[in-house]
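Here the structure is laid out as structure tokens; the discussion comes afterwards.
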Number of protein chains: 2
Amino acid sequence: MACSIARTLDVIGEPWSPLILRDVYAGINRFDRIQEDLGISRKVLTERLKWLVEREVLERREYATNRYEYALTERGTELVDVLMVMVRWGDRWVSPDGPPVLYRHHACGQVSHVELTCPHCGGPMTAKDIDLLAGPGSS
Amino acid sequence: MACSIARTLDVIGEPWSPLILRDVYAGINRFDRIQEDLGISRKVLTERLKWLVEREVLERREYATNRYEYALTERGTELVDVLMVMVRWGDRWVSPDGPPVLYRHHACGQVSHVELTCPHCGGPMTAKDIDLLAGPGSS
DNA sequence: GATTCGAGTTCCTTGAGGGAACCGTATCAG
DNA sequence: CTGATACGGTTCCCTCAAGGAACTCGAATC
């Protein structure tokens with residue numbers, strides 16, 4: 001499908017992958033710890049990790065003989081950006097007790113949320129602020 | 001799970017929902033047209049639409065007698081922001097022929113993609129630029 | 001030398017998704 | 001007025017993928 005959403009979903013579309021990426025990003029990066037944290041079946045976790053490694057979202061490193069850990073690649077780290085926007089939505093609409101996790105911005109030290117802006121004018125750039133046009137990769 | 005990602009995935013986690021939202025956002029907002037566009041089974045589409053309406057992401061409107069169309073609510077429109085960041089990733093990493101769709105920003109008229117920034121200092125705020133802290137809603 | 005741990009693999013069962021056909025109400029063509 | 005067509009779903013069956021529990025295999029630990 002000529003759609004970047006569909007192509008992204010091909011990589012992280014099924015429901016466990018975003019949670020796996022979150023765990024690895026948060027430092028839970030070994031098989032058993034991810035399995036325990038998420039409650040995912042070991043079989044499916046094996047498949048997902050292999051899939052994500054093949055797509056170069058994660059890499060698998062041997063940290064001791066026959067012991068492996070997973071780490072985000074550059075591609076994977078940029079996928080975490082998608083998760084950050086999910087978090088913003090979840091915090092706003094489905095977190096009655098307040099946000100479970102806060103972000104502190106390295107540059108300014110403030111605790112805050114992410115915001116979507118236009119790189120040209122710096123103004124807010126959300127779904128309400130744009131029109132869609134056909135691009136070069138459209139069929 | 002005390003995690004805004006998991007709670008967001010509970011709403012749009014299975015693979016068809018983001019594509020349904022994209023279609024509705026792009027103006028493909030009636031049952032048969034969505035079904036045809038996505039190639040989803042009618043049974044599953046019925047279930048998903050009902051689910052998304054119950055979660056107040058979509059609303060169902062009768063535009064003629066016994067004819068219905070779907071529209072994004074405010075909650076739903078903000079979910080499209082998540083899709084915009086997915087698009088950026090897909091454009092960057094898995095679109096060899098260039099982006100299939102472009103965004104024109106209303107405010108400045110430029111064609112561009114979305115950027116994640118910090119509302120306090122205005123600087124870039126991606127996964128690499130933050131630390132995680134426990135928030136009030138953590139268990 | 002036995003036990004435990006980490007990282008999977010195997011097998012069985014169950015549930016969700018796909019496909020195709022069917023249905024009820026409106027509108028439209030003749 | 002009647003048959004055809006469109007729209008918005010339901011229903012039924014079948015397959016395939018996810019879940020759960022047990023097993024494996026090598027390395028380290030006691």
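The way I read the labels, and the way they are meant: chains A, B, ... in the order of the structure tokens, residue 1 as the first residue of every chain, and ligand 1 as the first ligand shown, with later ones counted on from there.
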Quiz item: Tell me, which residues of chain B carry DSSP strand (DSSP E or B), written as number ranges by chain?
Solution: B: 58-64, 67-72, 101-105, 111-112, 115-117, 124, 130-134
What would the file look like if the residues just selected were written as a PDB file, in the first residue's frame with N, CA and C atoms?
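So part_30.pdb came out as:
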ATOM      1  N   LEU B  58     -14.633   8.145  17.071  1.00  0.00           N
ATOM      2  CA  LEU B  58     -15.442   8.458  15.892  1.00  0.00           C
ATOM      3  C   LEU B  58     -16.876   8.725  16.351  1.00  0.00           C
ATOM      4  N   GLU B  59     -17.620   9.467  15.499  1.00  0.00           N
ATOM      5  CA  GLU B  59     -19.062   9.500  15.714  1.00  0.00           C
ATOM      6  C   GLU B  59     -19.769   9.100  14.434  1.00  0.00           C
ATOM      7  N   ARG B  60     -20.967   8.517  14.626  1.00  0.00           N
ATOM      8  CA  ARG B  60     -21.738   7.963  13.525  1.00  0.00           C
ATOM      9  C   ARG B  60     -22.914   8.880  13.293  1.00  0.00           C
ATOM     10  N   ARG B  61     -23.023   9.369  12.063  1.00  0.00           N
ATOM     11  CA  ARG B  61     -24.083  10.320  11.737  1.00  0.00           C
ATOM     12  C   ARG B  61     -24.951   9.786  10.606  1.00  0.00           C
ATOM     13  N   GLU B  62     -26.240   9.987  10.702  1.00  0.00           N
ATOM     14  CA  GLU B  62     -27.148   9.598   9.636  1.00  0.00           C
ATOM     15  C   GLU B  62     -27.222  10.763   8.653  1.00  0.00           C
ATOM     16  N   TYR B  63     -26.645  10.614   7.500  1.00  0.00           N
ATOM     17  CA  TYR B  63     -26.630  11.717   6.535  1.00  0.00           C
ATOM     18  C   TYR B  63     -27.808  11.627   5.582  1.00  0.00           C
ATOM     19  N   ALA B  64     -28.489  10.481   5.555  1.00  0.00           N
ATOM     20  CA  ALA B  64     -29.756  10.328   4.840  1.00  0.00           C
ATOM     21  C   ALA B  64     -30.473   9.194   5.561  1.00  0.00           C
ATOM     22  N   ARG B  67     -28.725   5.886   6.096  1.00  0.00           N
ATOM     23  CA  ARG B  67     -27.377   5.980   5.536  1.00  0.00           C
ATOM     24  C   ARG B  67     -26.506   6.693   6.554  1.00  0.00           C
ATOM     25  N   TYR B  68     -25.381   6.089   6.840  1.00  0.00           N
ATOM     26  CA  TYR B  68     -24.550   6.606   7.926  1.00  0.00           C
ATOM     27  C   TYR B  68     -23.157   6.959   7.435  1.00  0.00           C
ATOM     28  N   GLU B  69     -22.575   7.973   8.067  1.00  0.00           N
ATOM     29  CA  GLU B  69     -21.172   8.268   7.812  1.00  0.00           C
ATOM     30  C   GLU B  69     -20.479   8.478   9.144  1.00  0.00           C
ATOM     31  N   TYR B  70     -19.179   8.376   9.116  1.00  0.00           N
ATOM     32  CA  TYR B  70     -18.381   8.471  10.329  1.00  0.00           C
ATOM     33  C   TYR B  70     -17.537   9.732  10.278  1.00  0.00           C
ATOM     34  N   ALA B  71     -17.316  10.325  11.442  1.00  0.00           N
ATOM     35  CA  ALA B  71     -16.507  11.537  11.516  1.00  0.00           C
ATOM     36  C   ALA B  71     -15.633  11.477  12.758  1.00  0.00           C
ATOM     37  N   LEU B  72     -14.491  12.110  12.693  1.00  0.00           N
ATOM     38  CA  LEU B  72     -13.598  12.165  13.840  1.00  0.00           C
ATOM     39  C   LEU B  72     -14.151  13.107  14.899  1.00  0.00           C
ATOM     40  N   VAL B 101       2.332  11.053   0.494  1.00  0.00           N
ATOM     41  CA  VAL B 101       1.425  12.148   0.824  1.00  0.00           C
ATOM     42  C   VAL B 101       2.235  13.273   1.440  1.00  0.00           C
ATOM     43  N   LEU B 102       1.907  14.508   1.088  1.00  0.00           N
ATOM     44  CA  LEU B 102       2.571  15.676   1.664  1.00  0.00           C
ATOM     45  C   LEU B 102       1.578  16.479   2.490  1.00  0.00           C
ATOM     46  N   TYR B 103       2.099  17.222   3.443  1.00  0.00           N
ATOM     47  CA  TYR B 103       1.265  18.073   4.276  1.00  0.00           C
ATOM     48  C   TYR B 103       1.545  19.525   3.941  1.00  0.00           C
ATOM     49  N   ARG B 104       0.494  20.293   3.730  1.00  0.00           N
ATOM     50  CA  ARG B 104       0.697  21.740   3.638  1.00  0.00           C
ATOM     51  C   ARG B 104       0.155  22.397   4.905  1.00  0.00           C
ATOM     52  N   HIS B 105       1.015  23.174   5.522  1.00  0.00           N
ATOM     53  CA  HIS B 105       0.661  23.806   6.787  1.00  0.00           C
ATOM     54  C   HIS B 105      -0.174  25.042   6.517  1.00  0.00           C
ATOM     55  N   VAL B 111       4.946  23.255   2.479  1.00  0.00           N
ATOM     56  CA  VAL B 111       4.818  21.809   2.516  1.00  0.00           C
ATOM     57  C   VAL B 111       5.912  21.279   3.428  1.00  0.00           C
ATOM     58  N   SER B 112       5.541  20.531   4.440  1.00  0.00           N
ATOM     59  CA  SER B 112       6.556  20.067   5.375  1.00  0.00           C
ATOM     60  C   SER B 112       6.040  18.897   6.188  1.00  0.00           C
ATOM     61  N   GLU B 115       7.340  18.167  13.380  1.00  0.00           N
ATOM     62  CA  GLU B 115       8.515  18.047  14.230  1.00  0.00           C
ATOM     63  C   GLU B 115       8.103  18.066  15.686  1.00  0.00           C
ATOM     64  N   LEU B 116       8.832  17.323  16.529  1.00  0.00           N
ATOM     65  CA  LEU B 116       8.486  17.248  17.940  1.00  0.00           C
ATOM     66  C   LEU B 116       9.337  18.236  18.716  1.00  0.00           C
ATOM     67  N   THR B 117       8.669  19.125  19.430  1.00  0.00           N
ATOM     68  CA  THR B 117       9.395  20.151  20.170  1.00  0.00           C
ATOM     69  C   THR B 117       8.888  20.250  21.601  1.00  0.00           C
ATOM     70  N   PRO B 124      14.052  20.935  19.956  1.00  0.00           N
ATOM     71  CA  PRO B 124      13.610  19.588  19.590  1.00  0.00           C
ATOM     72  C   PRO B 124      13.480  18.693  20.819  1.00  0.00           C
ATOM     73  N   ILE B 130      15.225  13.294  26.265  1.00  0.00           N
ATOM     74  CA  ILE B 130      14.466  13.305  27.530  1.00  0.00           C
ATOM     75  C   ILE B 130      14.943  12.226  28.500  1.00  0.00           C
ATOM     76  N   ASP B 131      14.621  12.447  29.765  1.00  0.00           N
ATOM     77  CA  ASP B 131      14.691  11.415  30.793  1.00  0.00           C
ATOM     78  C   ASP B 131      13.275  11.094  31.249  1.00  0.00           C
ATOM     79  N   LEU B 132      13.082   9.891  31.731  1.00  0.00           N
ATOM     80  CA  LEU B 132      11.777   9.485  32.246  1.00  0.00           C
ATOM     81  C   LEU B 132      11.743   9.631  33.762  1.00  0.00           C
ATOM     82  N   LEU B 133      10.607  10.126  34.267  1.00  0.00           N
ATOM     83  CA  LEU B 133      10.387  10.224  35.706  1.00  0.00           C
ATOM     84  C   LEU B 133       9.043   9.590  36.042  1.00  0.00           C
ATOM     85  N   ALA B 134       8.888   9.109  37.258  1.00  0.00           N
ATOM     86  CA  ALA B 134       7.590   8.594  37.678  1.00  0.00           C
ATOM     87  C   ALA B 134       6.623   9.749  37.882  1.00  0.00           C
TER      88      ALA B 134
END
Find the residues of chain A in contact range of chain D, meaning any atom within 8 Å when counting only C-alpha atoms (C1' of nucleotides), and list them as a PDB file with N, CA and C atoms, in the first residue's frame.
ATOM      1  N   SER A  41       3.216 -14.003  25.842  1.00  0.00           N
ATOM      2  CA  SER A  41       3.668 -15.393  25.775  1.00  0.00           C
ATOM      3  C   SER A  41       5.084 -15.446  25.202  1.00  0.00           C
ATOM      4  N   VAL A  44       5.343 -15.759  21.333  1.00  0.00           N
ATOM      5  CA  VAL A  44       5.097 -14.538  20.565  1.00  0.00           C
ATOM      6  C   VAL A  44       6.233 -13.541  20.774  1.00  0.00           C
ATOM      7  N   THR A  65      28.403 -14.868  27.471  1.00  0.00           N
ATOM      8  CA  THR A  65      28.289 -16.035  26.588  1.00  0.00           C
ATOM      9  C   THR A  65      26.863 -16.583  26.637  1.00  0.00           C
ATOM     10  N   ASN A  66      26.263 -16.651  25.456  1.00  0.00           N
ATOM     11  CA  ASN A  66      24.879 -17.135  25.317  1.00  0.00           C
ATOM     12  C   ASN A  66      23.846 -16.310  26.089  1.00  0.00           C
TER      13      ASN A  66
END
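Across the model, the gap from atom CA of B:Lys43 to atom CA of B:Gly76 is 22.0 Å.
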Could you write out as a short mmCIF file (atom, residue, chain, number, x, y, z; two decimals) with C-alpha atoms (C1' of nucleotides), in the first residue's frame the residues of chain C within 12 Å of chain A, counting only C-alpha atoms (C1' of nucleotides)?
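To be explicit, this is the file written out as out00.cif:
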data_model
loop_
_atom_site.label_atom_id
_atom_site.label_comp_id
_atom_site.auth_asym_id
_atom_site.auth_seq_id
_atom_site.Cartn_x
_atom_site.Cartn_y
_atom_site.Cartn_z
"C1'" DC C 5 19.00 -19.05 35.31
"C1'" DG C 6 18.61 -17.03 30.80
"C1'" DA C 7 16.83 -17.58 26.35
"C1'" DG C 8 14.42 -19.66 23.83
"C1'" DT C 9 11.43 -24.07 21.42
"C1'" DT C 10 7.57 -27.27 21.03
"C1'" DC C 11 2.87 -28.65 21.30
#
Quiz item: DSSP on the backbone: what in stretch 11-139 of chain A comes out helix (DSSP H, G or I), as JSON, numbers by chain?
Solution: {"A": [11, 12, 16, 17, 18, 19, 20, 21, 22, 23, 24, 25, 31, 32, 33, 34, 35, 36, 37, 38, 42, 43, 44, 45, 46, 47, 48, 49, 50, 51, 52, 53, 54, 74, 75, 76, 77, 78, 79, 80, 81, 82, 83, 84, 85, 86, 87, 88, 89, 90, 91, 92, 93, 127, 128, 129]}
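You can rank A:Ser138, A:Gln35, A:Gln110, A:Asn29 by their closest distance to chain B using only C-alpha atoms, and at the top of that list sits A:Ser138.
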Practice problem: Point out the residue among B:Leu49, B:Met86, B:Ile12, B:Ile20 with the least atom-to-atom distance to chain A, counting only C-alpha atoms. | Solution: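 Selected residue with least distance to chain A: B:Met86.
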Exercise. Have a look at atom CA of B:Glu14 and atom CA of B:Val85 and let me know their distance in Å, one decimal.
Key: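 Going from atom CA of B:Glu14 over to atom CA of B:Val85 covers 17.6 Å.
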Self-check item: Separation of atom CA of B:Val24 from atom CA of A:Gly137, in Å and rounded to one decimal
Solution: 21.2 Å
